[in-house]
$ cat target-v9.pdb   # PDB, C-alpha atoms, pLDDT in the B column
ATOM      1  CA  MET A   1       2.461  28.745  20.265  1.00 35.00           C
ATOM      2  CA  SER A   2       3.702  25.203  20.508  1.00 36.00           C
ATOM      3  CA  ALA A   3       6.768  24.191  18.541  1.00 38.00           C
ATOM      4  CA  PRO A   4       6.070  22.350  15.273  1.00 41.00           C
ATOM      5  CA  ALA A   5       6.490  18.595  15.379  1.00 53.00           C
ATOM      6  CA  ALA A   6       9.894  17.382  14.268  1.00 72.00           C
ATOM      7  CA  LYS A   7       9.994  15.695  10.876  1.00 85.00           C
ATOM      8  CA  PRO A   8      10.454  11.931  11.158  1.00 92.00           C
ATOM      9  CA  PRO A   9      13.722  10.452   9.891  1.00 95.00           C
ATOM     10  CA  ARG A  10      13.555   9.291   6.296  1.00 96.00           C
ATOM     11  CA  ALA A  11      14.045   5.672   7.323  1.00 97.00           C
ATOM     12  CA  ILE A  12      10.411   5.711   8.539  1.00 98.00           C
ATOM     13  CA  ALA A  13       8.945   8.676   6.614  1.00 98.00           C
ATOM     14  CA  TYR A  14       6.463   8.567   3.750  1.00 97.00           C
ATOM     15  CA  PRO A  15       7.827  10.340   0.651  1.00 95.00           C
ATOM     16  CA  PRO A  16       6.286  13.707  -0.238  1.00 92.00           C
ATOM     17  CA  LEU A  17       4.343  14.021  -3.482  1.00 88.00           C
ATOM     18  CA  GLU A  18       6.920  16.280  -5.092  1.00 88.00           C
ATOM     19  CA  VAL A  19       9.973  14.021  -4.600  1.00 93.00           C
ATOM     20  CA  ALA A  20      10.529  10.773  -6.494  1.00 94.00           C
ATOM     21  CA  MET A  21      10.713   7.798  -4.154  1.00 96.00           C
ATOM     22  CA  HIS A  22      14.275   6.782  -5.021  1.00 97.00           C
ATOM     23  CA  ASP A  23      15.443  10.370  -4.537  1.00 97.00           C
ATOM     24  CA  TRP A  24      13.692  10.627  -1.176  1.00 97.00           C
ATOM     25  CA  TRP A  25      15.097   7.381   0.179  1.00 98.00           C
ATOM     26  CA  ALA A  26      18.467   7.467  -1.608  1.00 97.00           C
ATOM     27  CA  ASP A  27      20.455   7.508   1.637  1.00 97.00           C
ATOM     28  CA  GLU A  28      18.306   4.837   3.309  1.00 98.00           C
ATOM     29  CA  TYR A  29      17.086   2.303   0.766  1.00 98.00           C
ATOM     30  CA  ALA A  30      18.148   1.062  -2.660  1.00 98.00           C
ATOM     31  CA  HIS A  31      14.854  -0.457  -3.834  1.00 98.00           C
ATOM     32  CA  VAL A  32      11.106   0.248  -3.598  1.00 98.00           C
ATOM     33  CA  PHE A  33       8.609  -2.520  -4.275  1.00 98.00           C
ATOM     34  CA  VAL A  34       4.988  -1.436  -4.787  1.00 98.00           C
ATOM     35  CA  ALA A  35       2.887  -4.156  -3.114  1.00 98.00           C
ATOM     36  CA  LEU A  36      -0.669  -3.968  -4.451  1.00 98.00           C
ATOM     37  CA  HIS A  37      -3.406  -4.310  -1.825  1.00 98.00           C
ATOM     38  CA  PRO A  38      -5.410  -7.422  -2.751  1.00 98.00           C
ATOM     39  CA  PHE A  39      -9.127  -7.691  -3.324  1.00 98.00           C
ATOM     40  CA  HIS A  40     -10.836 -10.112  -0.950  1.00 97.00           C
ATOM     41  CA  PRO A  41     -14.279 -11.546  -0.122  1.00 96.00           C
ATOM     42  CA  VAL A  42     -16.479  -9.085   1.743  1.00 95.00           C
ATOM     43  CA  ALA A  43     -15.860  -9.518   5.477  1.00 86.00           C
ATOM     44  CA  LEU A  44     -18.331  -7.803   7.810  1.00 85.00           C
ATOM     45  CA  ASN A  45     -19.048  -8.209  11.525  1.00 83.00           C
ATOM     46  CA  ALA A  46     -22.481  -8.329  13.149  1.00 79.00           C
ATOM     47  CA  ARG A  47     -22.717  -4.516  13.102  1.00 83.00           C
ATOM     48  CA  GLY A  48     -22.024  -4.387   9.374  1.00 79.00           C
ATOM     49  CA  ASP A  49     -18.536  -2.928   9.821  1.00 80.00           C
ATOM     50  CA  ASP A  50     -15.364  -4.326   8.300  1.00 86.00           C
ATOM     51  CA  ASP A  51     -14.260  -7.368  10.274  1.00 92.00           C
ATOM     52  CA  LEU A  52     -10.514  -6.786  10.568  1.00 94.00           C
ATOM     53  CA  ASP A  53      -9.723 -10.299  11.760  1.00 94.00           C
ATOM     54  CA  ALA A  54     -11.673 -11.869   8.884  1.00 94.00           C
ATOM     55  CA  MET A  55      -9.970  -9.479   6.457  1.00 94.00           C
ATOM     56  CA  LYS A  56      -6.586 -10.639   7.757  1.00 95.00           C
ATOM     57  CA  ALA A  57      -7.514 -14.282   7.147  1.00 95.00           C
ATOM     58  CA  ALA A  58      -9.299 -13.695   3.832  1.00 95.00           C
ATOM     59  CA  ARG A  59      -8.255 -15.282   0.559  1.00 95.00           C
ATOM     60  CA  PRO A  60      -6.482 -12.579  -1.461  1.00 97.00           C
ATOM     61  CA  VAL A  61      -7.719 -11.949  -4.989  1.00 98.00           C
ATOM     62  CA  ARG A  62      -5.033 -10.591  -7.287  1.00 98.00           C
ATOM     63  CA  TRP A  63      -5.357  -7.421  -9.362  1.00 98.00           C
ATOM     64  CA  GLU A  64      -4.449  -9.495 -12.415  1.00 98.00           C
ATOM     65  CA  GLU A  65      -7.439 -11.757 -11.828  1.00 98.00           C
ATOM     66  CA  MET A  66      -9.780  -8.769 -11.597  1.00 98.00           C
ATOM     67  CA  ARG A  67      -8.140  -7.067 -14.607  1.00 98.00           C
ATOM     68  CA  ARG A  68      -8.866 -10.128 -16.742  1.00 98.00           C
ATOM     69  CA  ALA A  69     -12.425 -10.328 -15.399  1.00 98.00           C
ATOM     70  CA  VAL A  70     -13.222  -6.820 -16.674  1.00 98.00           C
ATOM     71  CA  GLY A  71     -11.799  -7.257 -20.164  1.00 98.00           C
ATOM     72  CA  ALA A  72      -8.006  -7.164 -19.619  1.00 98.00           C
ATOM     73  CA  PRO A  73      -7.439  -3.418 -20.163  1.00 98.00           C
ATOM     74  CA  PRO A  74      -3.834  -2.154 -19.996  1.00 97.00           C
ATOM     75  CA  PHE A  75      -2.596  -2.125 -16.419  1.00 97.00           C
ATOM     76  CA  PRO A  76      -2.277   1.701 -16.102  1.00 95.00           C
ATOM     77  CA  VAL A  77      -5.841   2.157 -17.418  1.00 96.00           C
ATOM     78  CA  PHE A  78      -7.131  -0.506 -15.029  1.00 97.00           C
ATOM     79  CA  ALA A  79      -5.230   0.907 -12.039  1.00 97.00           C
ATOM     80  CA  LEU A  80      -6.577   4.428 -12.549  1.00 95.00           C
ATOM     81  CA  ALA A  81     -10.151   3.182 -13.054  1.00 96.00           C
ATOM     82  CA  LEU A  82      -9.854   1.062  -9.903  1.00 97.00           C
ATOM     83  CA  TRP A  83      -8.539   4.041  -7.936  1.00 96.00           C
ATOM     84  CA  CYS A  84     -11.509   6.109  -9.142  1.00 94.00           C
ATOM     85  CA  THR A  85     -13.897   3.301  -8.182  1.00 96.00           C
ATOM     86  CA  ILE A  86     -12.563   3.107  -4.639  1.00 96.00           C
ATOM     87  CA  LEU A  87     -12.295   6.867  -4.107  1.00 93.00           C
ATOM     88  CA  MET A  88     -15.600   7.494  -5.949  1.00 92.00           C
ATOM     89  CA  ALA A  89     -13.745  10.011  -8.109  1.00 88.00           C
ATOM     90  CA  GLU A  90     -14.943  11.134 -11.533  1.00 86.00           C
ATOM     91  CA  ARG A  91     -11.990  11.976 -13.740  1.00 86.00           C
ATOM     92  CA  ARG A  92     -12.015  12.964 -17.405  1.00 87.00           C
ATOM     93  CA  ASP A  93      -8.730  11.151 -17.902  1.00 89.00           C
ATOM     94  CA  ALA A  94     -10.072   7.874 -16.477  1.00 92.00           C
ATOM     95  CA  ASP A  95     -12.163   5.195 -18.187  1.00 95.00           C
ATOM     96  CA  LEU A  96     -15.314   5.609 -16.117  1.00 93.00           C
ATOM     97  CA  ARG A  97     -17.150   2.851 -17.989  1.00 95.00           C
ATOM     98  CA  LEU A  98     -14.343   0.542 -16.904  1.00 97.00           C
ATOM     99  CA  ALA A  99     -14.738   1.858 -13.349  1.00 96.00           C
ATOM    100  CA  ASP A 100     -18.429   0.942 -13.532  1.00 96.00           C
ATOM    101  CA  ARG A 101     -17.557  -2.576 -14.772  1.00 98.00           C
ATOM    102  CA  ILE A 102     -15.157  -2.979 -11.857  1.00 98.00           C
ATOM    103  CA  ALA A 103     -17.837  -1.881  -9.363  1.00 97.00           C
ATOM    104  CA  ARG A 104     -20.420  -4.260 -10.874  1.00 98.00           C
ATOM    105  CA  THR A 105     -17.954  -7.154 -10.909  1.00 98.00           C
ATOM    106  CA  LEU A 106     -17.134  -6.565  -7.250  1.00 98.00           C
ATOM    107  CA  ALA A 107     -20.821  -6.511  -6.304  1.00 97.00           C
ATOM    108  CA  GLU A 108     -21.671  -9.605  -8.355  1.00 97.00           C
ATOM    109  CA  ASN A 109     -18.858 -11.583  -6.729  1.00 97.00           C
ATOM    110  CA  ARG A 110     -19.226 -10.110  -3.218  1.00 96.00           C
ATOM    111  CA  LEU A 111     -15.648  -8.909  -3.306  1.00 97.00           C
ATOM    112  CA  ALA A 112     -14.234  -5.971  -1.364  1.00 96.00           C
ATOM    113  CA  PRO A 113     -11.871  -3.620  -3.226  1.00 97.00           C
ATOM    114  CA  PRO A 114      -8.277  -3.067  -2.086  1.00 97.00           C
ATOM    115  CA  GLY A 115      -8.096  -1.272   1.244  1.00 95.00           C
ATOM    116  CA  GLU A 116      -6.889   2.319   1.203  1.00 95.00           C
ATOM    117  CA  ASP A 117      -4.891   4.700   3.425  1.00 95.00           C
ATOM    118  CA  VAL A 118      -3.192   2.210   5.762  1.00 97.00           C
ATOM    119  CA  VAL A 119      -1.276  -1.054   5.538  1.00 98.00           C
ATOM    120  CA  PRO A 120      -4.304  -3.408   5.326  1.00 97.00           C
ATOM    121  CA  PRO A 121      -4.893  -6.469   7.523  1.00 96.00           C
ATOM    122  CA  ILE A 122      -4.693  -8.787   4.518  1.00 97.00           C
ATOM    123  CA  LEU A 123      -1.011  -7.839   4.079  1.00 98.00           C
ATOM    124  CA  GLU A 124      -0.105  -8.365   7.743  1.00 97.00           C
ATOM    125  CA  ARG A 125       0.657 -12.089   7.417  1.00 97.00           C
ATOM    126  CA  PRO A 126       2.907 -11.806   4.335  1.00 98.00           C
ATOM    127  CA  LEU A 127       4.602  -8.756   5.836  1.00 98.00           C
ATOM    128  CA  GLY A 128       5.197 -10.618   9.089  1.00 98.00           C
ATOM    129  CA  GLU A 129       6.788 -13.409   7.081  1.00 98.00           C
ATOM    130  CA  ALA A 130       8.843 -10.833   5.156  1.00 98.00           C
ATOM    131  CA  PHE A 131      10.196  -9.278   8.354  1.00 98.00           C
ATOM    132  CA  ALA A 132      10.985 -12.790   9.625  1.00 98.00           C
ATOM    133  CA  ARG A 133      13.023 -13.486   6.462  1.00 98.00           C
ATOM    134  CA  LEU A 134      14.784 -10.190   7.104  1.00 98.00           C
ATOM    135  CA  GLY A 135      15.791 -11.557  10.503  1.00 98.00           C
ATOM    136  CA  ALA A 136      14.056  -8.784  12.448  1.00 98.00           C
ATOM    137  CA  ALA A 137      13.256  -9.532  16.083  1.00 97.00           C
ATOM    138  CA  ARG A 138      11.139  -6.384  16.457  1.00 97.00           C
ATOM    139  CA  VAL A 139       8.938  -4.437  14.060  1.00 98.00           C
ATOM    140  CA  THR A 140       7.705  -0.953  14.916  1.00 98.00           C
ATOM    141  CA  ALA A 141       4.202   0.046  13.806  1.00 98.00           C
ATOM    142  CA  TRP A 142       3.731   3.808  13.343  1.00 97.00           C
ATOM    143  CA  ASP A 143       0.818   6.209  13.086  1.00 96.00           C
ATOM    144  CA  GLU A 144       0.508   8.588  10.134  1.00 96.00           C
ATOM    145  CA  GLY A 145       2.569  11.405  11.670  1.00 95.00           C
ATOM    146  CA  ARG A 146       5.190   8.991  13.064  1.00 96.00           C
ATOM    147  CA  GLY A 147       4.620  10.414  16.535  1.00 95.00           C
ATOM    148  CA  VAL A 148       3.130   7.271  18.122  1.00 95.00           C
ATOM    149  CA  SER A 149       4.374   3.719  17.762  1.00 96.00           C
ATOM    150  CA  THR A 150       3.897   0.174  19.012  1.00 96.00           C
ATOM    151  CA  GLY A 151       6.487  -2.600  19.044  1.00 97.00           C
ATOM    152  CA  LEU A 152       5.578  -5.955  17.534  1.00 96.00           C
ATOM    153  CA  SER A 153       7.281  -9.168  16.534  1.00 97.00           C
ATOM    154  CA  PRO A 154       7.085 -10.643  13.024  1.00 98.00           C
ATOM    155  CA  ALA A 155       4.975 -13.417  14.576  1.00 97.00           C
ATOM    156  CA  ASP A 156       2.489 -10.814  15.860  1.00 96.00           C
ATOM    157  CA  LEU A 157       2.038  -9.615  12.295  1.00 96.00           C
ATOM    158  CA  ALA A 158       1.778 -13.098  10.812  1.00 96.00           C
ATOM    159  CA  ALA A 159      -0.737 -14.520  13.309  1.00 95.00           C
ATOM    160  CA  PRO A 160      -4.259 -13.412  14.248  1.00 94.00           C
ATOM    161  CA  PRO A 161      -5.743 -11.133  15.442  1.00 94.00           C
ATOM    162  CA  ALA A 162      -5.443  -8.066  13.197  1.00 95.00           C
ATOM    163  CA  ILE A 163      -2.804  -5.788  14.680  1.00 94.00           C
ATOM    164  CA  ALA A 164      -4.999  -2.719  14.094  1.00 90.00           C
ATOM    165  CA  ARG A 165      -7.062  -3.857  17.094  1.00 87.00           C
ATOM    166  CA  ARG A 166      -3.920  -3.792  19.255  1.00 87.00           C
ATOM    167  CA  LEU A 167      -2.868  -0.256  18.362  1.00 92.00           C
ATOM    168  CA  ALA A 168      -3.754   2.864  20.336  1.00 88.00           C
ATOM    169  CA  PHE A 169      -3.923   4.815  17.077  1.00 91.00           C
ATOM    170  CA  PHE A 170      -5.501   4.523  13.629  1.00 92.00           C
ATOM    171  CA  GLY A 171      -3.276   2.544  11.371  1.00 91.00           C
ATOM    172  CA  PRO A 172      -0.752   1.174  10.896  1.00 97.00           C
ATOM    173  CA  PHE A 173       0.578   3.629   8.329  1.00 97.00           C
ATOM    174  CA  ALA A 174       4.083   2.181   8.522  1.00 98.00           C
ATOM    175  CA  LEU A 175       5.932  -0.923   9.687  1.00 98.00           C
ATOM    176  CA  HIS A 176       9.692  -0.701  10.114  1.00 98.00           C
ATOM    177  CA  ALA A 177      12.742  -2.683  11.062  1.00 98.00           C
ATOM    178  CA  PRO A 178      16.331  -1.797  10.138  1.00 98.00           C
ATOM    179  CA  GLY A 179      16.722  -2.334   6.412  1.00 98.00           C
ATOM    180  CA  MET A 180      13.031  -2.367   5.490  1.00 98.00           C
ATOM    181  CA  LEU A 181      10.035  -0.028   5.633  1.00 98.00           C
ATOM    182  CA  ALA A 182       6.471  -0.875   4.588  1.00 98.00           C
ATOM    183  CA  THR A 183       4.336   2.249   4.372  1.00 98.00           C
ATOM    184  CA  ALA A 184       1.044   3.468   2.939  1.00 97.00           C
ATOM    185  CA  GLY A 185      -0.367   6.981   2.685  1.00 95.00           C
ATOM    186  CA  THR A 186      -3.759   8.611   2.386  1.00 91.00           C
ATOM    187  CA  GLU A 187      -5.701   7.293  -0.652  1.00 93.00           C
ATOM    188  CA  ASP A 188      -3.025   4.678  -1.359  1.00 95.00           C
ATOM    189  CA  ILE A 189      -4.215   1.251  -2.510  1.00 97.00           C
ATOM    190  CA  ALA A 190      -0.705  -0.197  -2.444  1.00 98.00           C
ATOM    191  CA  THR A 191       1.982  -0.383   0.225  1.00 98.00           C
ATOM    192  CA  LEU A 192       5.476   0.840  -0.591  1.00 98.00           C
ATOM    193  CA  ILE A 193       8.150  -1.592   0.598  1.00 98.00           C
ATOM    194  CA  ALA A 194      11.522   0.166   0.718  1.00 98.00           C
ATOM    195  CA  LEU A 195      14.562  -2.070   1.108  1.00 98.00           C
ATOM    196  CA  THR A 196      18.331  -2.007   1.305  1.00 98.00           C
ATOM    197  CA  ASP A 197      20.263  -4.282  -1.042  1.00 98.00           C
ATOM    198  CA  ALA A 198      20.684  -6.882   1.709  1.00 98.00           C
ATOM    199  CA  ALA A 199      17.003  -6.685   2.657  1.00 98.00           C
ATOM    200  CA  ARG A 200      15.894  -7.190  -0.949  1.00 98.00           C
ATOM    201  CA  GLU A 201      18.019 -10.317  -1.219  1.00 98.00           C
ATOM    202  CA  ALA A 202      16.649 -11.688   2.070  1.00 98.00           C
ATOM    203  CA  VAL A 203      12.989 -10.697   1.654  1.00 98.00           C
ATOM    204  CA  ARG A 204      12.434 -11.190  -2.123  1.00 98.00           C
ATOM    205  CA  PRO A 205       9.128  -9.268  -2.127  1.00 98.00           C
ATOM    206  CA  GLU A 206       8.446 -10.036  -5.783  1.00 98.00           C
ATOM    207  CA  GLU A 207       8.016 -13.719  -4.846  1.00 97.00           C
ATOM    208  CA  HIS A 208       5.471 -13.054  -2.104  1.00 97.00           C
ATOM    209  CA  PHE A 209       3.488  -9.945  -3.092  1.00 98.00           C
ATOM    210  CA  GLU A 210       1.697  -8.926  -6.261  1.00 98.00           C
ATOM    211  CA  GLY A 211       3.262  -5.707  -7.509  1.00 98.00           C
ATOM    212  CA  PHE A 212       6.357  -4.272  -9.150  1.00 98.00           C
ATOM    213  CA  TYR A 213       9.650  -2.547  -8.447  1.00 98.00           C
ATOM    214  CA  ALA A 214       9.417   1.218  -8.846  1.00 97.00           C
ATOM    215  CA  ALA A 215      11.685   2.584 -11.547  1.00 96.00           C
ATOM    216  CA  PRO A 216      13.840   5.665 -10.879  1.00 95.00           C
ATOM    217  CA  GLY A 217      11.677   8.764 -11.207  1.00 94.00           C
ATOM    218  CA  THR A 218       8.541   7.063  -9.837  1.00 95.00           C
ATOM    219  CA  TYR A 219       6.514   9.085  -7.348  1.00 94.00           C
ATOM    220  CA  CYS A 220       4.391   7.761  -4.498  1.00 94.00           C
ATOM    221  CA  ASP A 221       1.296   8.771  -6.541  1.00 92.00           C
ATOM    222  CA  TRP A 222       2.371   6.368  -9.319  1.00 94.00           C
ATOM    223  CA  ILE A 223      -1.238   5.432 -10.086  1.00 93.00           C
ATOM    224  CA  ASN A 224      -2.076   8.922 -11.339  1.00 85.00           C
ATOM    225  CA  PRO A 225      -0.889  10.317 -14.664  1.00 70.00           C
ATOM    226  CA  PRO A 226       2.172  12.593 -14.659  1.00 65.00           C
ATOM    227  CA  GLY A 227       1.272  16.134 -13.689  1.00 64.00           C
ATOM    228  CA  PHE A 228      -1.957  15.222 -11.855  1.00 67.00           C
ATOM    229  CA  PHE A 229      -0.427  16.626  -8.702  1.00 57.00           C
ATOM    230  CA  GLU A 230       1.434  19.886  -9.208  1.00 54.00           C
ATOM    231  CA  ARG A 231       5.103  19.189  -8.623  1.00 47.00           C
ATOM    232  CA  ALA A 232       7.123  21.566  -6.544  1.00 40.00           C
ATOM    233  CA  PRO A 233      10.894  21.849  -7.155  1.00 42.00           C
ATOM    234  CA  ARG A 234      12.537  18.798  -5.729  1.00 38.00           C
ATOM    235  CA  ALA A 235      13.795  19.261  -2.214  1.00 38.00           C
ATOM    236  CA  ALA A 236      17.499  18.867  -1.589  1.00 36.00           C
ATOM    237  CA  LYS A 237      18.372  15.699   0.283  1.00 33.00           C
TER     238      LYS A 237
END

$ encode --input "target-v9.pdb" --output "structure tokens"
Amino acid sequence: MSAPAAKPPRAIAYPPLEVAMHDWWADEYAHVFVALHPFHPVALNARGDDDLDAMKAARPVRWEEMRRAVGAPPFPVFALALWCTILMAERRDADLRLADRIARTLAENRLAPPGEDVVPPILERPLGEAFARLGAARVTAWDEGRGVSTGLSPADLAAPPAIARRLAFFGPFALHAPGMLATAGTEDIATLIALTDAAREAVRPEEHFEGFYAAPGTYCDWINPPGFFERAPRAAK
């Protein structure tokens, strides 16, 4: 049998479901900003597939704009209904009529929902600018298991084409430079931006991304109600 793959260092690792984000990254980062993946106009290529370059250049549509368009429900109710819309999930604890309104509003306005799983092309430019404000000369893009990576510059992220077309793996699931990690996980519709104190002061994500700072005790599955995923005892750091 082959030896199991080594666990990636926490500076680049995605937090497990059973450990709150601030607990997981306590020795690496002081802050976690949840950057919501924007809506955007539908962007398809000639084959009918998502056009990654057009998605990167698309005009972002904020969650707040869509929330108001479907009746301004409370943000947690809207977020869960949106998640169900994108994942095509039917949940008793979600407002499925709201999910239907979201789907109809998207279709009527030819809007694509927030991308899931990976850091989406539409966030590449603002993330490139964020890493530039950090002063990073090099940004490492990682696959999901953190076993394969590609080196980039902040300018590579900020300018076309979409970096996904330059990677030898599906992704990116994470972008990292010392002091800052931007990472998304399976079924995520937001990217977690983890920062040191100095990085937060330099990057100021709240001024450039729609989202919020995660409070202590927030898990990576923040969009789901407490207890949706069974929590295992928290792992020791």

$ closest_atom_pairs --input "target-v9.pdb" --of "region 89-167 of chain A" --to "region 68-79 of chain A" --cutoff "10 Å" --atoms "only C-alpha atoms" --output "Markdown table"
| residue | atom | partner | partner_atom | distance |
| --- | --- | --- | --- | --- |
| A:Asp93 | CA | A:Val77 | CA | 9.5 |
| A:Ala94 | CA | A:Val77 | CA | 7.2 |
| A:Asp95 | CA | A:Val77 | CA | 7.1 |
| A:Leu98 | CA | A:Val70 | CA | 7.5 |
| A:Ala99 | CA | A:Phe78 | CA | 8.1 |
| A:Asp100 | CA | A:Val70 | CA | 9.9 |
| A:Arg101 | CA | A:Val70 | CA | 6.4 |
| A:Ile102 | CA | A:Val70 | CA | 6.5 |
| A:Ala103 | CA | A:Val70 | CA | 10.0 |
| A:Arg104 | CA | A:Val70 | CA | 9.6 |
| A:Thr105 | CA | A:Val70 | CA | 7.5 |

$ closest_residue --input "target-v9.pdb" --among "A:Val118, A:Ala58, A:Ile193, A:Leu167" --to "Gly179 (chain A)" --atoms "only C-alpha atoms"
A:Ile193

$ residues_around --input "target-v9.pdb" --residues "Gly145 (chain A)" --least-positions-apart "6" --cutoff "12 Å" --atoms "only C-alpha atoms" --output "JSON, numbers by chain"
{"A": [5, 6, 7, 8, 9, 12, 13, 14, 169, 170, 171, 172, 173, 174, 183, 184, 185, 186]}

$ write_last_selection --input "target-v9.pdb" --atoms "C-alpha atoms" --output "mmCIF file, in the frame of the given file"
data_model
loop_
_atom_site.group_PDB
_atom_site.id
_atom_site.type_symbol
_atom_site.label_atom_id
_atom_site.label_comp_id
_atom_site.auth_asym_id
_atom_site.auth_seq_id
_atom_site.Cartn_x
_atom_site.Cartn_y
_atom_site.Cartn_z
ATOM 1 C CA ALA A 5 6.490 18.595 15.379
ATOM 2 C CA ALA A 6 9.894 17.382 14.268
ATOM 3 C CA LYS A 7 9.994 15.695 10.876
ATOM 4 C CA PRO A 8 10.454 11.931 11.158
ATOM 5 C CA PRO A 9 13.722 10.452 9.891
ATOM 6 C CA ILE A 12 10.411 5.711 8.539
ATOM 7 C CA ALA A 13 8.945 8.676 6.614
ATOM 8 C CA TYR A 14 6.463 8.567 3.750
ATOM 9 C CA PHE A 169 -3.923 4.815 17.077
ATOM 10 C CA PHE A 170 -5.501 4.523 13.629
ATOM 11 C CA GLY A 171 -3.276 2.544 11.371
ATOM 12 C CA PRO A 172 -0.752 1.174 10.896
ATOM 13 C CA PHE A 173 0.578 3.629 8.329
ATOM 14 C CA ALA A 174 4.083 2.181 8.522
ATOM 15 C CA THR A 183 4.336 2.249 4.372
ATOM 16 C CA ALA A 184 1.044 3.468 2.939
ATOM 17 C CA GLY A 185 -0.367 6.981 2.685
ATOM 18 C CA THR A 186 -3.759 8.611 2.386
#

$ residues_near_point --input "target-v9.pdb" --point "(-11.0, -10.1, 11.5)" --cutoff "10 Å" --atoms "all atoms listed in the file" --output "list in words"
Ala43, Leu44, Asn45, Asp50, Asp51, Leu52, Asp53, Ala54, Met55, Lys56, Ala57, Ala58, Pro121, Ile122, Pro160, Pro161, Ala162, Ile163, Ala164 and Arg165 of chain A

$ write_last_selection --input "target-v9.pdb" --atoms "C-alpha atoms" --output "mmCIF file, in the coordinates of the input"
data_model
loop_
_atom_site.group_PDB
_atom_site.id
_atom_site.type_symbol
_atom_site.label_atom_id
_atom_site.label_comp_id
_atom_site.auth_asym_id
_atom_site.auth_seq_id
_atom_site.Cartn_x
_atom_site.Cartn_y
_atom_site.Cartn_z
ATOM 1 C CA ALA A 43 -15.860 -9.518 5.477
ATOM 2 C CA LEU A 44 -18.331 -7.803 7.810
ATOM 3 C CA ASN A 45 -19.048 -8.209 11.525
ATOM 4 C CA ASP A 50 -15.364 -4.326 8.300
ATOM 5 C CA ASP A 51 -14.260 -7.368 10.274
ATOM 6 C CA LEU A 52 -10.514 -6.786 10.568
ATOM 7 C CA ASP A 53 -9.723 -10.299 11.760
ATOM 8 C CA ALA A 54 -11.673 -11.869 8.884
ATOM 9 C CA MET A 55 -9.970 -9.479 6.457
ATOM 10 C CA LYS A 56 -6.586 -10.639 7.757
ATOM 11 C CA ALA A 57 -7.514 -14.282 7.147
ATOM 12 C CA ALA A 58 -9.299 -13.695 3.832
ATOM 13 C CA PRO A 121 -4.893 -6.469 7.523
ATOM 14 C CA ILE A 122 -4.693 -8.787 4.518
ATOM 15 C CA PRO A 160 -4.259 -13.412 14.248
ATOM 16 C CA PRO A 161 -5.743 -11.133 15.442
ATOM 17 C CA ALA A 162 -5.443 -8.066 13.197
ATOM 18 C CA ILE A 163 -2.804 -5.788 14.680
ATOM 19 C CA ALA A 164 -4.999 -2.719 14.094
ATOM 20 C CA ARG A 165 -7.062 -3.857 17.094
#

$ closest_residue --input "target-v9.pdb" --among "A:Ala177, A:Ala30, A:Leu111, A:Met88" --to "Val42 (chain A)" --atoms "all atoms listed in the file"
A:Leu111

$ resolve_selection --input "target-v9.pdb" --expression "the PyMOL selection byres ((chain A and resi 219) around 6)" --output "list in words"
Ala20, Met21, Thr218, Cys220, Asp221 and Trp222 of chain A

$ resolve_selection --input "target-v9.pdb" --expression "the PyMOL selection byres ((chain A and resi 87) around 12)" --output "mmCIF file with C-alpha atoms, in the coordinates of the input"
data_model
loop_
_atom_site.group_PDB
_atom_site.id
_atom_site.type_symbol
_atom_site.label_atom_id
_atom_site.label_comp_id
_atom_site.auth_asym_id
_atom_site.auth_seq_id
_atom_site.Cartn_x
_atom_site.Cartn_y
_atom_site.Cartn_z
ATOM 1 C CA LEU A 80 -6.577 4.428 -12.549
ATOM 2 C CA ALA A 81 -10.151 3.182 -13.054
ATOM 3 C CA LEU A 82 -9.854 1.062 -9.903
ATOM 4 C CA TRP A 83 -8.539 4.041 -7.936
ATOM 5 C CA CYS A 84 -11.509 6.109 -9.142
ATOM 6 C CA THR A 85 -13.897 3.301 -8.182
ATOM 7 C CA ILE A 86 -12.563 3.107 -4.639
ATOM 8 C CA MET A 88 -15.600 7.494 -5.949
ATOM 9 C CA ALA A 89 -13.745 10.011 -8.109
ATOM 10 C CA GLU A 90 -14.943 11.134 -11.533
ATOM 11 C CA ARG A 91 -11.990 11.976 -13.740
ATOM 12 C CA ALA A 99 -14.738 1.858 -13.349
ATOM 13 C CA ALA A 103 -17.837 -1.881 -9.363
ATOM 14 C CA PRO A 113 -11.871 -3.620 -3.226
ATOM 15 C CA PRO A 114 -8.277 -3.067 -2.086
ATOM 16 C CA GLY A 115 -8.096 -1.272 1.244
ATOM 17 C CA GLU A 116 -6.889 2.319 1.203
ATOM 18 C CA ASP A 117 -4.891 4.700 3.425
ATOM 19 C CA THR A 186 -3.759 8.611 2.386
ATOM 20 C CA GLU A 187 -5.701 7.293 -0.652
ATOM 21 C CA ASP A 188 -3.025 4.678 -1.359
ATOM 22 C CA ILE A 189 -4.215 1.251 -2.510
#

$ build_atoms --input "target-v9.pdb" --residues "region 165-170 of chain A" --atoms "N, CA and C atoms" --output "JSON list (two decimals), keeping the file's coordinate frame"
[["chain", "number", "residue", "atom", "x", "y", "z"],
["A", 165, "ARG", "N", -6.28, -3.83, 15.85],
["A", 165, "ARG", "CA", -7.06, -3.86, 17.09],
["A", 165, "ARG", "C", -6.16, -3.74, 18.32],
["A", 166, "ARG", "N", -4.86, -3.88, 18.14],
["A", 166, "ARG", "CA", -3.92, -3.79, 19.26],
["A", 166, "ARG", "C", -3.28, -2.42, 19.36],
["A", 167, "LEU", "N", -3.53, -1.55, 18.39],
["A", 167, "LEU", "CA", -2.87, -0.26, 18.36],
["A", 167, "LEU", "C", -3.73, 0.81, 19.05],
["A", 168, "ALA", "N", -3.05, 1.76, 19.68],
["A", 168, "ALA", "CA", -3.75, 2.86, 20.34],
["A", 168, "ALA", "C", -3.95, 4.03, 19.38],
["A", 169, "PHE", "N", -3.79, 3.77, 18.09],
["A", 169, "PHE", "CA", -3.92, 4.82, 17.08],
["A", 169, "PHE", "C", -4.47, 4.18, 15.81],
["A", 170, "PHE", "N", -4.99, 5.02, 14.91],
["A", 170, "PHE", "CA", -5.50, 4.52, 13.63],
["A", 170, "PHE", "C", -4.32, 4.14, 12.76]]
